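Colleague: Contents of my_file_35.pdb (PDB, C-alpha atoms, pLDDT in the B column):
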MODEL        1
ATOM      1  CA  MET A  23     101.188  86.588 126.085  1.00 87.00           C
ATOM      2  CA  ARG A  24     101.333  89.625 128.349  1.00 95.00           C
ATOM      3  CA  ILE A  25      98.078  91.570 128.666  1.00 97.00           C
ATOM      4  CA  ILE A  26      98.039  94.999 130.314  1.00 97.00           C
ATOM      5  CA  LYS A  27      94.478  95.971 131.264  1.00 95.00           C
ATOM      6  CA  LEU A  28      93.706  99.620 131.950  1.00 95.00           C
ATOM      7  CA  ASP A  29      90.491 101.276 133.036  1.00 92.00           C
ATOM      8  CA  ALA A  30      91.018 104.459 131.031  1.00 89.00           C
ATOM      9  CA  ILE A  31      93.855 105.785 128.901  1.00 91.00           C
ATOM     10  CA  ASP A  32      94.334 108.439 126.221  1.00 90.00           C
ATOM     11  CA  SER A  33      95.095 105.850 123.534  1.00 91.00           C
ATOM     12  CA  THR A  34      96.315 102.263 123.787  1.00 95.00           C
ATOM     13  CA  ASN A  35      98.602 102.862 120.798  1.00 95.00           C
ATOM     14  CA  SER A  36     100.161 105.878 122.507  1.00 94.00           C
ATOM     15  CA  TYR A  37     100.551 103.978 125.794  1.00 96.00           C
ATOM     16  CA  LEU A  38     102.278 101.080 124.038  1.00 95.00           C
ATOM     17  CA  ARG A  39     104.577 103.420 122.132  1.00 94.00           C
ATOM     18  CA  ARG A  40     105.639 105.050 125.412  1.00 95.00           C
ATOM     19  CA  LEU A  41     106.172 101.611 126.922  1.00 96.00           C
ATOM     20  CA  ILE A  42     108.524 100.370 124.199  1.00 93.00           C
ATOM     21  CA  ASN A  43     110.600 103.531 124.646  1.00 91.00           C
ATOM     22  CA  GLU A  44     110.990 102.735 128.350  1.00 95.00           C
ATOM     23  CA  GLU A  45     111.559  98.966 128.388  1.00 94.00           C
ATOM     24  CA  ASP A  46     111.961  95.811 126.319  1.00 94.00           C
ATOM     25  CA  VAL A  47     108.500  94.624 125.344  1.00 95.00           C
ATOM     26  CA  ASP A  48     107.712  91.003 124.512  1.00 96.00           C
ATOM     27  CA  ASP A  49     106.275  90.047 121.147  1.00 96.00           C
ATOM     28  CA  PHE A  50     102.444  90.141 121.089  1.00 98.00           C
ATOM     29  CA  THR A  51     102.195  92.220 124.261  1.00 98.00           C
ATOM     30  CA  ILE A  52      98.661  93.622 124.470  1.00 98.00           C
ATOM     31  CA  VAL A  53      97.441  96.858 126.035  1.00 98.00           C
ATOM     32  CA  MET A  54      93.671  97.090 126.397  1.00 96.00           C
ATOM     33  CA  ALA A  55      91.408  99.711 127.941  1.00 95.00           C
ATOM     34  CA  ASN A  56      87.796  99.979 129.043  1.00 91.00           C
ATOM     35  CA  LYS A  57      87.785 103.577 127.826  1.00 86.00           C
ATOM     36  CA  GLN A  58      89.981 105.659 125.538  1.00 83.00           C
ATOM     37  CA  THR A  59      89.839 109.421 125.953  1.00 78.00           C
ATOM     38  CA  HIS A  60      91.686 110.098 122.691  1.00 66.00           C
ATOM     39  CA  GLY A  61      91.214 106.958 120.631  1.00 59.00           C
ATOM     40  CA  ARG A  62      92.539 107.391 117.108  1.00 55.00           C
ATOM     41  CA  GLY A  63      91.551 106.012 113.726  1.00 54.00           C
ATOM     42  CA  GLN A  64      92.794 106.372 110.177  1.00 51.00           C
ATOM     43  CA  MET A  65      93.731 109.856 108.912  1.00 47.00           C
ATOM     44  CA  GLY A  66      93.366 111.484 112.323  1.00 50.00           C
ATOM     45  CA  ASN A  67      89.781 110.390 112.887  1.00 53.00           C
ATOM     46  CA  THR A  68      88.686 109.680 116.457  1.00 53.00           C
ATOM     47  CA  TRP A  69      87.419 106.322 117.684  1.00 52.00           C
ATOM     48  CA  ASP A  70      84.656 106.735 120.256  1.00 56.00           C
ATOM     49  CA  SER A  71      83.270 103.856 122.285  1.00 65.00           C
ATOM     50  CA  ASP A  72      80.987 103.194 125.245  1.00 73.00           C
ATOM     51  CA  LYS A  73      82.953 102.152 128.324  1.00 78.00           C
ATOM     52  CA  GLY A  74      83.242  98.415 128.867  1.00 87.00           C
ATOM     53  CA  GLU A  75      81.106  97.479 125.851  1.00 94.00           C
ATOM     54  CA  ASN A  76      83.750  97.039 123.185  1.00 96.00           C
ATOM     55  CA  LEU A  77      87.291  95.859 122.560  1.00 97.00           C
ATOM     56  CA  MET A  78      89.929  98.580 122.379  1.00 96.00           C
ATOM     57  CA  PHE A  79      93.451  97.254 122.395  1.00 97.00           C
ATOM     58  CA  SER A  80      96.885  97.536 120.856  1.00 98.00           C
ATOM     59  CA  VAL A  81      99.331  94.759 120.045  1.00 98.00           C
ATOM     60  CA  PHE A  82     103.116  95.032 119.893  1.00 98.00           C
ATOM     61  CA  LYS A  83     104.606  92.990 117.040  1.00 96.00           C
ATOM     62  CA  ASP A  84     108.368  92.526 116.936  1.00 94.00           C
ATOM     63  CA  LEU A  85     109.660  92.469 113.353  1.00 93.00           C
ATOM     64  CA  THR A  86     113.384  92.139 114.045  1.00 88.00           C
ATOM     65  CA  MET A  87     113.370  88.415 113.230  1.00 82.00           C
ATOM     66  CA  HIS A  88     112.281  88.945 109.633  1.00 81.00           C
ATOM     67  CA  ASP A  89     112.062  91.747 107.103  1.00 80.00           C
ATOM     68  CA  VAL A  90     108.720  92.999 105.824  1.00 84.00           C
ATOM     69  CA  GLU A  91     109.722  94.802 102.655  1.00 83.00           C
ATOM     70  CA  PHE A  92     106.278  96.263 102.040  1.00 92.00           C
ATOM     71  CA  PRO A  93     104.574  97.380 105.289  1.00 93.00           C
ATOM     72  CA  PHE A  94     101.069  97.171 103.778  1.00 96.00           C
ATOM     73  CA  TYR A  95     101.314  93.393 104.058  1.00 96.00           C
ATOM     74  CA  ILE A  96     101.031  93.875 107.821  1.00 96.00           C
ATOM     75  CA  SER A  97      97.752  95.722 107.310  1.00 97.00           C
ATOM     76  CA  MET A  98      96.459  92.990 105.002  1.00 98.00           C
ATOM     77  CA  ALA A  99      97.446  90.220 107.424  1.00 98.00           C
ATOM     78  CA  ILE A 100      95.799  91.867 110.436  1.00 98.00           C
ATOM     79  CA  SER A 101      92.627  92.614 108.457  1.00 98.00           C
ATOM     80  CA  LEU A 102      92.446  88.956 107.469  1.00 98.00           C
ATOM     81  CA  ALA A 103      93.079  87.787 111.036  1.00 98.00           C
ATOM     82  CA  ILE A 104      90.107  89.766 112.331  1.00 98.00           C
ATOM     83  CA  TYR A 105      87.993  88.793 109.330  1.00 98.00           C
ATOM     84  CA  LYS A 106      88.732  85.103 110.057  1.00 98.00           C
ATOM     85  CA  ALA A 107      87.911  85.526 113.755  1.00 98.00           C
ATOM     86  CA  PHE A 108      84.552  87.074 112.872  1.00 98.00           C
ATOM     87  CA  LYS A 109      83.896  84.215 110.443  1.00 98.00           C
ATOM     88  CA  VAL A 110      84.366  81.762 113.307  1.00 98.00           C
ATOM     89  CA  LEU A 111      81.857  83.805 115.343  1.00 98.00           C
ATOM     90  CA  ASN A 112      79.374  83.456 112.444  1.00 98.00           C
ATOM     91  CA  ILE A 113      79.163  87.202 111.781  1.00 98.00           C
ATOM     92  CA  PRO A 114      77.364  87.451 108.411  1.00 98.00           C
ATOM     93  CA  ASP A 115      78.143  89.296 105.182  1.00 98.00           C
ATOM     94  CA  LEU A 116      81.750  90.170 106.025  1.00 98.00           C
ATOM     95  CA  TYR A 117      84.076  92.281 103.870  1.00 98.00           C
ATOM     96  CA  ILE A 118      87.312  94.205 104.241  1.00 98.00           C
ATOM     97  CA  LYS A 119      86.904  97.831 103.197  1.00 98.00           C
ATOM     98  CA  TRP A 120      90.207  99.194 101.944  1.00 98.00           C
ATOM     99  CA  PRO A 121      92.541  99.706 103.609  1.00 97.00           C
ATOM    100  CA  ASN A 122      91.539  97.848 106.779  1.00 96.00           C
ATOM    101  CA  ASP A 123      88.001  98.411 108.052  1.00 97.00           C
ATOM    102  CA  ILE A 124      85.915  95.291 108.669  1.00 98.00           C
ATOM    103  CA  LEU A 125      82.279  95.533 107.577  1.00 98.00           C
ATOM    104  CA  SER A 126      79.241  93.363 108.191  1.00 98.00           C
ATOM    105  CA  ALA A 127      76.116  94.044 106.143  1.00 94.00           C
ATOM    106  CA  ASP A 128      77.831  97.223 104.867  1.00 95.00           C
ATOM    107  CA  LYS A 129      78.256  98.549 108.439  1.00 97.00           C
ATOM    108  CA  LYS A 130      81.634  99.137 110.101  1.00 97.00           C
ATOM    109  CA  ILE A 131      82.264  96.841 113.061  1.00 98.00           C
ATOM    110  CA  CYS A 132      86.043  97.114 113.370  1.00 98.00           C
ATOM    111  CA  GLY A 133      88.761  99.654 112.652  1.00 96.00           C
ATOM    112  CA  ILE A 134      92.517  99.173 112.624  1.00 97.00           C
ATOM    113  CA  LEU A 135      95.327 101.698 113.081  1.00 96.00           C
ATOM    114  CA  ILE A 136      98.855 100.462 112.378  1.00 96.00           C
ATOM    115  CA  GLU A 137     101.832 102.565 113.439  1.00 95.00           C
ATOM    116  CA  ASN A 138     105.218 101.258 112.397  1.00 92.00           C
ATOM    117  CA  VAL A 139     108.327 101.757 114.512  1.00 88.00           C
ATOM    118  CA  ILE A 140     111.411 102.376 112.382  1.00 81.00           C
ATOM    119  CA  LYS A 141     114.945 102.185 113.775  1.00 78.00           C
ATOM    120  CA  ASN A 142     117.166 102.190 110.651  1.00 74.00           C
ATOM    121  CA  LYS A 143     114.628  99.706 109.237  1.00 81.00           C
ATOM    122  CA  LEU A 144     111.100  98.549 110.056  1.00 87.00           C
ATOM    123  CA  ASN A 145     111.786  97.325 113.579  1.00 89.00           C
ATOM    124  CA  SER A 146     108.329  96.678 115.025  1.00 94.00           C
ATOM    125  CA  THR A 147     104.738  97.705 114.670  1.00 96.00           C
ATOM    126  CA  ILE A 148     101.931  98.773 116.990  1.00 97.00           C
ATOM    127  CA  ILE A 149      98.561  97.464 115.878  1.00 98.00           C
ATOM    128  CA  GLY A 150      95.587  99.347 117.289  1.00 97.00           C
ATOM    129  CA  ILE A 151      92.274  97.512 117.010  1.00 97.00           C
ATOM    130  CA  GLY A 152      88.801  98.752 117.887  1.00 96.00           C
ATOM    131  CA  VAL A 153      85.936  96.267 117.698  1.00 98.00           C
ATOM    132  CA  ASN A 154      82.321  97.244 118.306  1.00 97.00           C
ATOM    133  CA  VAL A 155      81.205  94.226 120.316  1.00 98.00           C
ATOM    134  CA  ASN A 156      78.253  94.800 122.662  1.00 97.00           C
ATOM    135  CA  GLN A 157      77.434  98.479 122.087  1.00 96.00           C
ATOM    136  CA  THR A 158      74.033  98.841 120.444  1.00 94.00           C
ATOM    137  CA  GLU A 159      73.615 102.601 119.951  1.00 93.00           C
ATOM    138  CA  PHE A 160      75.832 104.728 117.708  1.00 92.00           C
ATOM    139  CA  LYS A 161      74.672 108.331 117.738  1.00 89.00           C
ATOM    140  CA  ASN A 162      75.353 110.207 114.503  1.00 88.00           C
ATOM    141  CA  LEU A 163      77.209 107.179 113.092  1.00 89.00           C
ATOM    142  CA  PRO A 164      74.775 105.640 110.606  1.00 91.00           C
ATOM    143  CA  LYS A 165      77.459 103.390 109.085  1.00 93.00           C
ATOM    144  CA  ALA A 166      78.545 101.848 112.411  1.00 96.00           C
ATOM    145  CA  SER A 167      77.290  98.641 113.955  1.00 97.00           C
ATOM    146  CA  SER A 168      78.429  95.950 116.387  1.00 98.00           C
ATOM    147  CA  LEU A 169      78.605  92.195 116.698  1.00 98.00           C
ATOM    148  CA  LYS A 170      75.683  92.217 119.139  1.00 98.00           C
ATOM    149  CA  GLN A 171      73.587  94.579 117.031  1.00 97.00           C
ATOM    150  CA  ILE A 172      74.022  92.291 114.023  1.00 97.00           C
ATOM    151  CA  THR A 173      73.564  88.897 115.678  1.00 98.00           C
ATOM    152  CA  GLY A 174      71.647  89.639 118.876  1.00 98.00           C
ATOM    153  CA  VAL A 175      74.304  87.735 120.843  1.00 98.00           C
ATOM    154  CA  HIS A 176      76.048  89.222 123.900  1.00 98.00           C
ATOM    155  CA  TYR A 177      79.769  88.423 123.626  1.00 98.00           C
ATOM    156  CA  ASN A 178      82.501  87.813 126.176  1.00 98.00           C
ATOM    157  CA  LEU A 179      85.163  90.413 125.384  1.00 97.00           C
ATOM    158  CA  ASP A 180      88.070  88.220 126.506  1.00 97.00           C
ATOM    159  CA  GLU A 181      86.911  85.371 124.284  1.00 98.00           C
ATOM    160  CA  VAL A 182      86.684  87.653 121.246  1.00 98.00           C
ATOM    161  CA  LEU A 183      90.162  89.012 122.041  1.00 98.00           C
ATOM    162  CA  GLN A 184      91.662  85.519 122.317  1.00 98.00           C
ATOM    163  CA  LEU A 185      90.133  84.515 118.988  1.00 98.00           C
ATOM    164  CA  ILE A 186      91.507  87.616 117.243  1.00 98.00           C
ATOM    165  CA  MET A 187      94.940  86.958 118.719  1.00 98.00           C
ATOM    166  CA  LYS A 188      94.882  83.324 117.598  1.00 98.00           C
ATOM    167  CA  TYR A 189      94.521  84.388 113.976  1.00 98.00           C
ATOM    168  CA  THR A 190      96.834  87.379 114.378  1.00 98.00           C
ATOM    169  CA  LYS A 191      99.595  84.940 115.273  1.00 98.00           C
ATOM    170  CA  GLU A 192      98.682  82.648 112.370  1.00 98.00           C
ATOM    171  CA  TYR A 193      98.814  85.438 109.798  1.00 97.00           C
ATOM    172  CA  SER A 194     101.978  86.897 111.343  1.00 96.00           C
ATOM    173  CA  LEU A 195     103.578  83.495 110.801  1.00 96.00           C
ATOM    174  CA  LEU A 196     102.526  83.555 107.147  1.00 96.00           C
ATOM    175  CA  LEU A 197     104.384  86.860 106.730  1.00 95.00           C
ATOM    176  CA  GLN A 198     107.393  85.424 108.522  1.00 94.00           C
ATOM    177  CA  GLN A 199     107.290  82.518 106.055  1.00 95.00           C
ATOM    178  CA  GLU A 200     107.169  85.117 103.225  1.00 94.00           C
ATOM    179  CA  LYS A 201     103.840  83.852 101.891  1.00 96.00           C
ATOM    180  CA  TYR A 202     103.056  87.299 100.606  1.00 96.00           C
ATOM    181  CA  ASP A 203     101.138  86.264  97.488  1.00 97.00           C
ATOM    182  CA  PHE A 204      98.812  84.075  99.551  1.00 98.00           C
ATOM    183  CA  VAL A 205      98.053  86.947 101.947  1.00 98.00           C
ATOM    184  CA  LYS A 206      97.522  89.473  99.147  1.00 98.00           C
ATOM    185  CA  ASN A 207      95.240  87.163  97.140  1.00 98.00           C
ATOM    186  CA  GLU A 208      93.093  86.351 100.170  1.00 98.00           C
ATOM    187  CA  TYR A 209      92.864  90.025 101.080  1.00 98.00           C
ATOM    188  CA  GLU A 210      91.793  90.999  97.559  1.00 98.00           C
ATOM    189  CA  ASN A 211      89.232  88.176  97.404  1.00 98.00           C
ATOM    190  CA  ASN A 212      87.459  89.662 100.428  1.00 98.00           C
ATOM    191  CA  LEU A 213      87.598  93.339  99.421  1.00 98.00           C
ATOM    192  CA  PHE A 214      84.398  95.322  99.766  1.00 98.00           C
ATOM    193  CA  ARG A 215      82.823  96.252  96.408  1.00 97.00           C
ATOM    194  CA  LYS A 216      85.427  94.340  94.388  1.00 98.00           C
ATOM    195  CA  ASN A 217      84.402  94.117  90.719  1.00 96.00           C
ATOM    196  CA  LYS A 218      81.138  95.947  91.459  1.00 96.00           C
ATOM    197  CA  PRO A 219      80.196  99.342  90.002  1.00 96.00           C
ATOM    198  CA  SER A 220      80.988 101.872  92.726  1.00 97.00           C
ATOM    199  CA  THR A 221      81.110 105.607  93.294  1.00 97.00           C
ATOM    200  CA  PHE A 222      84.281 107.306  94.497  1.00 97.00           C
ATOM    201  CA  LYS A 223      85.221 110.820  95.578  1.00 97.00           C
ATOM    202  CA  ASP A 224      88.668 112.221  94.877  1.00 96.00           C
ATOM    203  CA  ALA A 225      90.678 114.651  97.013  1.00 94.00           C
ATOM    204  CA  GLU A 226      89.030 117.616  95.264  1.00 96.00           C
ATOM    205  CA  GLY A 227      85.554 116.288  96.042  1.00 96.00           C
ATOM    206  CA  VAL A 228      84.828 115.200  92.452  1.00 96.00           C
ATOM    207  CA  LEU A 229      82.665 112.082  92.136  1.00 97.00           C
ATOM    208  CA  PHE A 230      83.494 109.375  89.613  1.00 96.00           C
ATOM    209  CA  SER A 231      82.512 105.797  88.886  1.00 96.00           C
ATOM    210  CA  GLY A 232      84.718 102.729  88.762  1.00 97.00           C
ATOM    211  CA  PHE A 233      85.343  99.170  89.881  1.00 97.00           C
ATOM    212  CA  VAL A 234      87.652  98.081  92.717  1.00 98.00           C
ATOM    213  CA  LYS A 235      90.211  95.760  91.102  1.00 98.00           C
ATOM    214  CA  GLY A 236      92.672  95.135  93.944  1.00 98.00           C
ATOM    215  CA  VAL A 237      95.648  96.696  95.699  1.00 98.00           C
ATOM    216  CA  THR A 238      99.323  97.144  95.011  1.00 98.00           C
ATOM    217  CA  LYS A 239     102.021  95.818  97.327  1.00 96.00           C
ATOM    218  CA  TYR A 240     102.456  99.426  98.470  1.00 96.00           C
ATOM    219  CA  GLY A 241      98.821  99.563  99.589  1.00 97.00           C
ATOM    220  CA  LYS A 242      97.384 101.694  96.804  1.00 98.00           C
ATOM    221  CA  LEU A 243      93.840 100.933  95.697  1.00 98.00           C
ATOM    222  CA  GLN A 244      93.530  99.872  92.063  1.00 98.00           C
ATOM    223  CA  VAL A 245      90.361 101.172  90.426  1.00 98.00           C
ATOM    224  CA  ILE A 246      89.182 100.446  86.889  1.00 98.00           C
ATOM    225  CA  VAL A 247      87.766 103.665  85.413  1.00 96.00           C
ATOM    226  CA  GLU A 248      86.624 104.635  81.931  1.00 90.00           C
ATOM    227  CA  ASP A 249      88.086 102.793  78.912  1.00 88.00           C
ATOM    228  CA  GLU A 250      89.315  99.974  81.201  1.00 92.00           C
ATOM    229  CA  ILE A 251      92.116 102.181  82.536  1.00 97.00           C
ATOM    230  CA  VAL A 252      93.464 101.093  85.941  1.00 98.00           C
ATOM    231  CA  LYS A 253      94.312 103.985  88.251  1.00 97.00           C
ATOM    232  CA  LYS A 254      96.089 103.715  91.603  1.00 98.00           C
ATOM    233  CA  PHE A 255      95.145 105.817  94.621  1.00 98.00           C
ATOM    234  CA  ASP A 256      96.642 106.477  98.055  1.00 96.00           C
ATOM    235  CA  LEU A 257      94.417 106.685 101.125  1.00 92.00           C
ATOM    236  CA  LYS A 258      94.231 110.484 101.106  1.00 92.00           C
ATOM    237  CA  GLU A 259      93.449 110.598  97.386  1.00 96.00           C
ATOM    238  CA  ILE A 260      90.163 108.693  97.263  1.00 97.00           C
ATOM    239  CA  THR A 261      87.058 107.809  99.261  1.00 96.00           C
ATOM    240  CA  LEU A 262      84.814 104.884  98.426  1.00 95.00           C
ATOM    241  CA  LEU A 263      81.187 105.960  98.855  1.00 91.00           C
ATOM    242  CA  TYR A 264      78.602 103.336  99.706  1.00 71.00           C
TER     243      TYR A 264
ENDMDL
END
As structure tokens - that is how I would like this structure written.
Modeller:
Amino acid sequence: MRIIKLDAIDSTNSYLRRLINEEDVDDFTIVMANKQTHGRGQMGNTWDSDKGENLMFSVFKDLTMHDVEFPFYISMAISLAIYKAFKVLNIPDLYIKWPNDILSADKKICGILIENVIKNKLNSTIIGIGVNVNQTEFKNLPKASSLKQITGVHYNLDEVLQLIMKYTKEYSLLLQQEKYDFVKNEYENNLFRKNKPSTFKDAEGVLFSGFVKGVTKYGKLQVIVEDEIVKKFDLKEITLLY
């Protein structure tokens, strides 16, 4: 497993994308940085992190050896891999917040940004992962936390990385073996606020109540609203408030 360690870079996802345009990149190649100047999250959000305190890395996953018909299964598999790694580290009260944030005690400890590379078909994917590990202060981010802040333990970054990669490979193999139902069921079983009364905000800013039911194979969130009607929402169409 090739690991490229950088002191500072604009974005590990962007660096890895440039790299695969310049050369053949081995499966599970990792680019990690002590500091990202333009770290990116879902929907154009930024990912800010104290230098050297957290894990910021991107993984190249070759998909030429098997077809992934529905790309959201990649997101589910990676979310589960990180969830499982945190379980092994005894991080308490873990959930996956749709589509792929990892929460502990209702606080965000990990974000994932997946950028697929399409060459006639889904050819490969770049998986950007940001884990709050040893940082203990998050200014103006009341919903953020870290492994250390939650447990009081100071973690070795390389050991956390190796654990995440162990399960990333395991769940990638499940997709290769086409065990899609297993992955989807496990993902849904660990969804934040599943089957609990929750408040949502739609794209127009209107608040409404409902229950998280699950997800579709396309990655839409299924929400039970009034009169037991199940509605499906894309990422830009709904926000789960908590």
Colleague: Using all atoms listed in the file, pick whichever of A:Ile96, A:Val139, A:Ile134, A:Leu169 has the shortest atom-to-atom distance to Ile113 (chain A).
Modeller: A:Leu169
Colleague: Could you expand the PyMOL selection byres ((chain A and resi 172-180) around 9) into the explicit residues it covers here, written as a list of chain:residue names?
Modeller: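 This file gives the following for the PyMOL selection byres ((chain A and resi 172-180) around 9): A:Gly74, A:Glu75, A:Asn76, A:Leu77, A:Asn112, A:Ile113, A:Pro114, A:Ser126, A:Ala127, A:Val155, A:Asn156, A:Ser167, A:Ser168, A:Leu169, A:Lys170, A:Gln171, A:Glu181, A:Val182, A:Leu183, A:Gln184, A:Leu185.
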Colleague: Starting from the shown file, work through the PyMOL selection byres ((chain A and resi 225-229) around 7) and note down what comes out as an MDAnalysis selection string.
Modeller: chainID A and resid 221:224 230 258:260
Colleague: Grab the CA of Val245 (chain A) to CA of Cys132 (chain A) distance for me, in Å with one decimal place.
Modeller: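 Those two atoms sit 23.7 Å apart.
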Colleague: Rounded to one decimal in Å, what is the spacing between CA of Glu91 (chain A) and CA of Glu192 (chain A)?
Modeller: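 Going from CA of Glu91 (chain A) over to CA of Glu192 (chain A) covers 19.1 Å.
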Colleague: Please rebuild region 74-88 of chain A with N, CA and C atoms and return the result as an mmCIF file, keeping the file's coordinate frame.
Modeller:
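Final file, rebuild.cif:
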data_model
loop_
_atom_site.group_PDB
_atom_site.id
_atom_site.type_symbol
_atom_site.label_atom_id
_atom_site.label_comp_id
_atom_site.auth_asym_id
_atom_site.auth_seq_id
_atom_site.Cartn_x
_atom_site.Cartn_y
_atom_site.Cartn_z
ATOM 1 N N GLY A 74 83.467 99.797 128.489
ATOM 2 C CA GLY A 74 83.242 98.415 128.867
ATOM 3 C C GLY A 74 82.409 97.586 127.901
ATOM 4 N N GLU A 75 81.977 98.195 126.782
ATOM 5 C CA GLU A 75 81.106 97.479 125.851
ATOM 6 C C GLU A 75 81.872 96.876 124.671
ATOM 7 N N ASN A 76 83.044 97.406 124.404
ATOM 8 C CA ASN A 76 83.750 97.039 123.185
ATOM 9 C C ASN A 76 85.196 96.647 123.474
ATOM 10 N N LEU A 77 85.878 96.186 122.444
ATOM 11 C CA LEU A 77 87.291 95.859 122.560
ATOM 12 C C LEU A 77 88.113 97.002 121.992
ATOM 13 N N MET A 78 88.977 97.564 122.823
ATOM 14 C CA MET A 78 89.929 98.580 122.379
ATOM 15 C C MET A 78 91.297 98.149 122.884
ATOM 16 N N PHE A 79 92.160 97.749 121.957
ATOM 17 C CA PHE A 79 93.451 97.254 122.395
ATOM 18 C C PHE A 79 94.505 97.478 121.321
ATOM 19 N N SER A 80 95.747 97.409 121.758
ATOM 20 C CA SER A 80 96.885 97.536 120.856
ATOM 21 C C SER A 80 97.823 96.364 121.085
ATOM 22 N N VAL A 81 98.435 95.908 120.005
ATOM 23 C CA VAL A 81 99.331 94.759 120.045
ATOM 24 C C VAL A 81 100.719 95.186 119.565
ATOM 25 N N PHE A 82 101.739 94.794 120.326
ATOM 26 C CA PHE A 82 103.116 95.032 119.893
ATOM 27 C C PHE A 82 103.590 93.828 119.094
ATOM 28 N N LYS A 83 104.071 94.071 117.870
ATOM 29 C CA LYS A 83 104.606 92.990 117.040
ATOM 30 C C LYS A 83 106.056 93.279 116.701
ATOM 31 N N ASP A 84 106.934 92.421 117.204
ATOM 32 C CA ASP A 84 108.368 92.526 116.936
ATOM 33 C C ASP A 84 108.651 92.041 115.516
ATOM 34 N N LEU A 85 109.346 92.840 114.736
ATOM 35 C CA LEU A 85 109.660 92.469 113.353
ATOM 36 C C LEU A 85 111.161 92.297 113.128
ATOM 37 N N THR A 86 111.930 92.234 114.200
ATOM 38 C CA THR A 86 113.384 92.139 114.045
ATOM 39 C C THR A 86 113.825 90.783 113.510
ATOM 40 N N MET A 87 112.963 89.752 113.666
ATOM 41 C CA MET A 87 113.370 88.415 113.230
ATOM 42 C C MET A 87 113.156 88.184 111.740
ATOM 43 N N HIS A 88 112.460 89.086 111.079
ATOM 44 C CA HIS A 88 112.281 88.945 109.633
ATOM 45 C C HIS A 88 111.962 90.312 109.043
#
